[in-house]
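Asks: Got a structure for you, input_14.cif, holding mmCIF, C-alpha atoms.
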```
data_structure
loop_
_atom_site.group_PDB
_atom_site.id
_atom_site.type_symbol
_atom_site.label_atom_id
_atom_site.label_comp_id
_atom_site.auth_asym_id
_atom_site.auth_seq_id
_atom_site.Cartn_x
_atom_site.Cartn_y
_atom_site.Cartn_z
ATOM 1 C CA MET A 207 9.903 1.873 -30.048
ATOM 2 C CA PRO A 208 11.477 0.126 -27.046
ATOM 3 C CA ARG A 209 9.050 -1.703 -24.838
ATOM 4 C CA ASP A 210 9.596 0.510 -21.775
ATOM 5 C CA LEU A 211 8.801 3.671 -23.680
ATOM 6 C CA VAL A 212 5.686 2.091 -25.137
ATOM 7 C CA ALA A 213 4.459 1.191 -21.660
ATOM 8 C CA ILE A 214 5.131 4.722 -20.414
ATOM 9 C CA ASP A 215 3.443 6.234 -23.456
ATOM 10 C CA LYS A 216 0.354 4.103 -22.832
ATOM 11 C CA MET A 217 0.132 5.560 -19.330
ATOM 12 C CA LYS A 218 -0.977 8.834 -20.899
ATOM 13 C CA TYR A 219 -4.169 7.154 -22.075
ATOM 14 C CA LYS A 220 -4.805 4.574 -19.353
ATOM 15 C CA LYS A 221 -5.881 5.073 -15.773
ATOM 16 C CA ASP A 222 -3.820 3.852 -12.820
ATOM 17 C CA SER A 223 -6.269 1.135 -11.858
ATOM 18 C CA LEU A 224 -3.979 -0.598 -9.377
ATOM 19 C CA ALA A 225 -3.436 2.521 -7.249
ATOM 20 C CA PHE A 226 -7.188 3.152 -7.346
ATOM 21 C CA ALA A 227 -7.949 -0.430 -6.263
ATOM 22 C CA LEU A 228 -5.428 -0.240 -3.424
ATOM 23 C CA CYS A 229 -7.114 2.946 -2.180
ATOM 24 C CA ILE A 230 -10.520 1.315 -2.292
ATOM 25 C CA PHE A 231 -9.241 -1.742 -0.395
ATOM 26 C CA GLY A 232 -7.776 0.593 2.239
ATOM 27 C CA LEU A 233 -11.135 2.332 2.416
ATOM 28 C CA LEU A 234 -12.986 -0.967 2.820
ATOM 29 C CA ALA A 235 -10.649 -2.032 5.643
ATOM 30 C CA ASN A 236 -11.463 1.255 7.381
ATOM 31 C CA VAL A 237 -15.188 0.625 6.912
ATOM 32 C CA LEU A 238 -14.764 -2.761 8.616
ATOM 33 C CA TYR A 239 -12.901 -1.014 11.444
ATOM 34 C CA PHE A 240 -15.672 1.595 11.672
ATOM 35 C CA PHE A 241 -18.453 -0.995 11.938
ATOM 36 C CA THR A 242 -16.553 -3.247 14.332
ATOM 37 C CA LEU A 243 -15.579 -0.416 16.679
ATOM 38 C CA TYR A 244 -19.051 1.050 17.015
ATOM 39 C CA ARG A 245 -20.714 -2.336 17.278
ATOM 40 C CA ASN A 246 -18.451 -3.522 20.122
ATOM 41 C CA ASN A 247 -18.138 -0.536 22.443
ATOM 42 C CA ASP A 248 -20.970 -1.459 24.865
ATOM 43 C CA ASN A 249 -22.369 2.088 24.838
ATOM 44 C CA HIS A 250 -19.419 3.264 26.911
ATOM 45 C CA TYR A 251 -17.934 5.819 24.573
ATOM 46 C CA TYR A 252 -21.053 7.761 23.639
ATOM 47 C CA THR A 253 -19.341 11.038 24.397
ATOM 48 C CA TYR A 254 -17.933 13.931 22.430
ATOM 49 C CA GLN A 255 -14.869 11.763 21.780
ATOM 50 C CA MET A 256 -16.965 9.210 19.921
ATOM 51 C CA GLY A 257 -18.727 11.969 17.997
ATOM 52 C CA ILE A 258 -15.382 13.358 16.889
ATOM 53 C CA SER A 259 -14.314 9.842 15.926
ATOM 54 C CA VAL A 260 -17.413 9.372 13.756
ATOM 55 C CA ILE A 261 -16.851 12.710 12.024
ATOM 56 C CA TYR A 262 -13.171 11.876 11.501
ATOM 57 C CA ASN A 263 -14.044 8.493 9.967
ATOM 58 C CA LEU A 264 -16.527 10.076 7.589
ATOM 59 C CA LEU A 265 -14.003 12.732 6.527
ATOM 60 C CA PHE A 266 -11.303 10.076 6.222
ATOM 61 C CA MET A 267 -13.458 7.979 3.915
ATOM 62 C CA LEU A 268 -14.363 11.021 1.802
ATOM 63 C CA ILE A 269 -10.741 12.138 1.462
ATOM 64 C CA VAL A 270 -9.544 8.624 0.590
ATOM 65 C CA PHE A 271 -12.205 8.242 -2.075
ATOM 66 C CA LEU A 272 -11.461 11.640 -3.612
ATOM 67 C CA SER A 273 -7.726 10.903 -3.507
ATOM 68 C CA ALA A 274 -8.364 7.530 -5.149
ATOM 69 C CA GLU A 275 -10.088 9.275 -8.026
ATOM 70 C CA GLU A 276 -7.165 11.669 -8.425
ATOM 71 C CA VAL A 277 -4.384 9.059 -8.237
ATOM 72 C CA LYS A 278 -6.233 7.166 -10.922
ATOM 73 C CA ALA A 279 -5.419 10.159 -13.155
ATOM 74 C CA TYR A 280 -1.737 10.267 -12.057
ATOM 75 C CA GLN A 281 -2.027 13.331 -9.804
ATOM 76 C CA ARG A 282 1.153 13.071 -7.737
ATOM 77 C CA ARG A 283 0.180 15.463 -4.934
ATOM 78 C CA TYR A 284 -2.562 13.079 -3.836
ATOM 79 C CA SER A 285 -0.004 10.342 -3.243
ATOM 80 C CA TYR A 286 1.280 12.515 -0.389
ATOM 81 C CA VAL A 287 -2.230 12.717 1.038
ATOM 82 C CA LEU A 288 -2.602 8.942 0.903
ATOM 83 C CA PHE A 289 0.768 8.419 2.542
ATOM 84 C CA VAL A 290 -0.109 10.732 5.446
ATOM 85 C CA LEU A 291 -3.493 9.041 5.881
ATOM 86 C CA GLY A 292 -1.790 5.642 5.882
ATOM 87 C CA VAL A 293 0.560 6.726 8.662
ATOM 88 C CA ILE A 294 -2.345 8.203 10.642
ATOM 89 C CA GLN A 295 -4.104 4.826 10.440
ATOM 90 C CA ILE A 296 -1.219 3.231 12.328
ATOM 91 C CA PHE A 297 -1.367 5.864 15.070
ATOM 92 C CA ARG A 298 -5.130 5.384 15.398
ATOM 93 C CA ILE A 299 -4.516 1.924 16.877
ATOM 94 C CA PHE A 300 -3.278 3.640 20.036
ATOM 95 C CA TYR A 301 -6.230 5.956 20.444
ATOM 96 C CA ILE A 302 -9.834 4.734 20.892
ATOM 97 C CA PRO A 303 -9.243 0.976 20.545
ATOM 98 C CA LYS A 304 -6.366 1.083 23.036
ATOM 99 C CA GLN A 305 -8.370 3.213 25.480
ATOM 100 C CA ALA A 306 -11.331 0.832 25.276
ATOM 101 C CA TYR A 307 -9.068 -2.183 25.779
ATOM 102 C CA ASP A 308 -7.275 -0.597 28.739
ATOM 103 C CA ALA A 309 -10.638 0.260 30.328
ATOM 104 C CA GLU A 310 -11.653 -3.407 29.852
ATOM 105 C CA ILE A 311 -14.601 -2.426 27.704
ATOM 106 C CA MET A 312 -13.218 -4.212 24.684
ATOM 107 C CA THR A 313 -11.966 -7.781 24.620
ATOM 108 C CA ALA A 314 -8.479 -8.679 23.459
ATOM 109 C CA GLN A 315 -9.972 -10.338 20.387
ATOM 110 C CA ASN A 316 -11.854 -7.186 19.383
ATOM 111 C CA TYR A 317 -8.771 -5.041 19.991
ATOM 112 C CA ARG A 318 -6.707 -7.380 17.835
ATOM 113 C CA THR A 319 -9.349 -7.331 15.095
ATOM 114 C CA LEU A 320 -9.531 -3.524 15.086
ATOM 115 C CA SER A 321 -5.743 -3.280 15.018
ATOM 116 C CA ILE A 322 -5.569 -5.652 12.065
ATOM 117 C CA TYR A 323 -8.158 -3.631 10.144
ATOM 118 C CA LEU A 324 -6.209 -0.419 10.729
ATOM 119 C CA ILE A 325 -2.907 -2.043 9.749
ATOM 120 C CA ILE A 326 -4.439 -3.480 6.569
ATOM 121 C CA SER A 327 -5.926 -0.091 5.721
ATOM 122 C CA SER A 328 -2.578 1.569 6.356
ATOM 123 C CA VAL A 329 -0.658 -0.901 4.202
ATOM 124 C CA PHE A 330 -3.061 -0.496 1.282
ATOM 125 C CA LEU A 331 -2.986 3.289 1.480
ATOM 126 C CA ILE A 332 0.800 3.442 1.689
ATOM 127 C CA LEU A 333 1.150 1.001 -1.218
ATOM 128 C CA ALA A 334 -1.273 3.112 -3.256
ATOM 129 C CA ALA A 335 0.716 6.235 -2.393
ATOM 130 C CA VAL A 336 4.024 4.662 -3.427
ATOM 131 C CA ARG A 337 2.583 3.235 -6.633
ATOM 132 C CA SER A 338 0.924 6.534 -7.528
ATOM 133 C CA PHE A 339 4.031 8.563 -6.747
ATOM 134 C CA TRP A 340 6.211 6.255 -8.836
ATOM 135 C CA ASN A 341 3.910 6.163 -11.861
ATOM 136 C CA SER A 342 3.059 9.857 -11.832
ATOM 137 C CA THR A 343 6.733 10.810 -11.541
ATOM 138 C CA LEU A 344 7.637 8.455 -14.369
ATOM 139 C CA LEU A 345 4.901 9.850 -16.599
ATOM 140 C CA LYS A 346 5.760 13.452 -15.726
ATOM 141 C CA ARG A 347 9.432 12.938 -16.555
ATOM 142 C CA TYR A 348 8.534 11.209 -19.806
ATOM 143 C CA ILE A 349 6.238 14.025 -20.910
ATOM 144 C CA GLU A 350 8.596 16.832 -19.877
ATOM 145 C CA SER A 351 11.734 15.323 -21.348
ATOM 146 C CA ASN A 352 10.368 14.910 -24.887
ATOM 147 C CA LEU A 353 12.333 11.717 -25.208
ATOM 148 C CA LYS A 354 13.556 10.980 -28.679
ATOM 149 C CA ILE A 355 12.538 7.556 -29.715
ATOM 150 C CA PRO A 356 15.399 5.696 -31.366
ATOM 151 C CA PRO A 357 14.593 4.078 -34.666
ATOM 152 C CA THR A 358 14.140 0.345 -34.456
ATOM 153 C CA GLU A 359 13.263 -2.386 -36.820
ATOM 154 C CA GLU A 360 10.221 -3.386 -34.769
ATOM 155 C CA VAL A 361 6.829 -2.754 -36.233
#
```
Could you show the structure in this file as structure tokens?

Replies:
Amino acid sequence: MPRDLVAIDKMKYKKDSLAFALCIFGLLANVLYFFTLYRNNDNHYYTYQMGISVIYNLLFMLIVFLSAEEVKAYQRRYSYVLFVLGVIQIFRIFYIPKQAYDAEIMTAQNYRTLSIYLIISSVFLILAAVRSFWNSTLLKRYIESNLKIPPTEEV
């Protein structure tokens, strides 16, 4: 059996640990963002906007974790979810952190730190989405095609 087919065949029995780990790292970067934002807002944004932000962060973390569990099992549709969440993370830089910085509630250092956390989270989630999409598509095509394995002299 050629080496590539062996590796693909093993995917049926192994979990996609790298995509799962990338999701978890993206989740951890968001947790750091979450703690840093709410620790450094000087009680200014205790409004409905901050309440919505807290609820969004909790839902975000739940959806990322559930998607991580599914991409571990090569479920391709969850790679789309991770990709969309990764893109949303980039747009989040321009929402609450930017508003707090423009209102001079947040220092430039804190704004930069929050932006870095969101960018790191976004990169990890997008990488997990790409990896999951690639591997799940490869496995799906392998299973559906019923590839004939050419005879070889390897044991």

Asks: Please indicate the distance in Å from CA of Ala225 in chain A to CA of Ile269 in chain A, rounded to one decimal place.

Replies: 14.9 Å

Asks: Evaluate the PyMOL selection byres ((chain A and resi 272-285) around 8) and record the selected residues as a PyMOL selection string, following the chain and residue labels used in the document.

Replies: chain A and resi 221-223+225-226+229-230+268-271+286-289+334-336+338-339+341-343

Asks: What does the distance between CA of Pro303 in chain A and CA of Ala227 in chain A come to in Å, to one decimal place?

Replies: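 Distance between the two atoms: 26.9 Å.
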
Asks: Kindly indicate which residue among A:Ile302, A:Ala213, A:Val237, A:Val290 lies nearest to Gly257 in chain A, using all atoms listed in the file for the distances.

Replies: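 Among the listed residues, A:Ile302 lies closest to Gly257 in chain A.
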
Asks: Using all atoms listed in the file for the distances, tell me which of A:Leu344, A:Asn316, A:Leu234, A:Val329 is nearest to Lys216 in chain A.

Replies: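 Of A:Leu344, A:Asn316, A:Leu234, A:Val329, the one nearest Lys216 in chain A, counting all atoms listed in the file, is A:Leu344.
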
Asks: List, as a list in words, every residue that the PyMOL selection byres ((chain A and resi 259) around 12) selects in the file provided.

Replies: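 On this input, the PyMOL selection byres ((chain A and resi 259) around 12) captures Tyr239, Phe240, Leu243, Tyr244, Tyr251, Tyr252, Thr253, Tyr254, Gln255, Met256, Gly257, Ile258, Val260, Ile261, Tyr262, Asn263, Leu264, Leu265, Phe266, Arg298, Tyr301, Ile302 and Pro303 of chain A.
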
Asks: Kindly indicate which residue among A:Tyr219, A:Tyr317, A:Phe330, A:Tyr307 lies nearest to Phe231 in chain A, using all atoms listed in the file for the distances.

Replies: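 The closest residue to Phe231 in chain A is A:Phe330.
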
Asks: Using all atoms listed in the file, which of A:Met217, A:Leu238, A:Val212, A:Leu324 sits nearest Gln295 in chain A?

Replies: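 Among A:Met217, A:Leu238, A:Val212, A:Leu324, it is A:Leu324 that comes nearest to Gln295 in chain A.
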
Asks: Hey, which of A:Ile296, A:Leu291, A:Ile325, A:Leu320 ends up closest to Phe241 in chain A? Count all atoms listed in the file.

Replies: A:Leu320

Asks: Which value, in Å to one decimal, gives the distance between CA of Tyr323 in chain A and CA of Phe297 in chain A?

Replies: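 Separation between CA of Tyr323 in chain A and CA of Phe297 in chain A: 12.7 Å.
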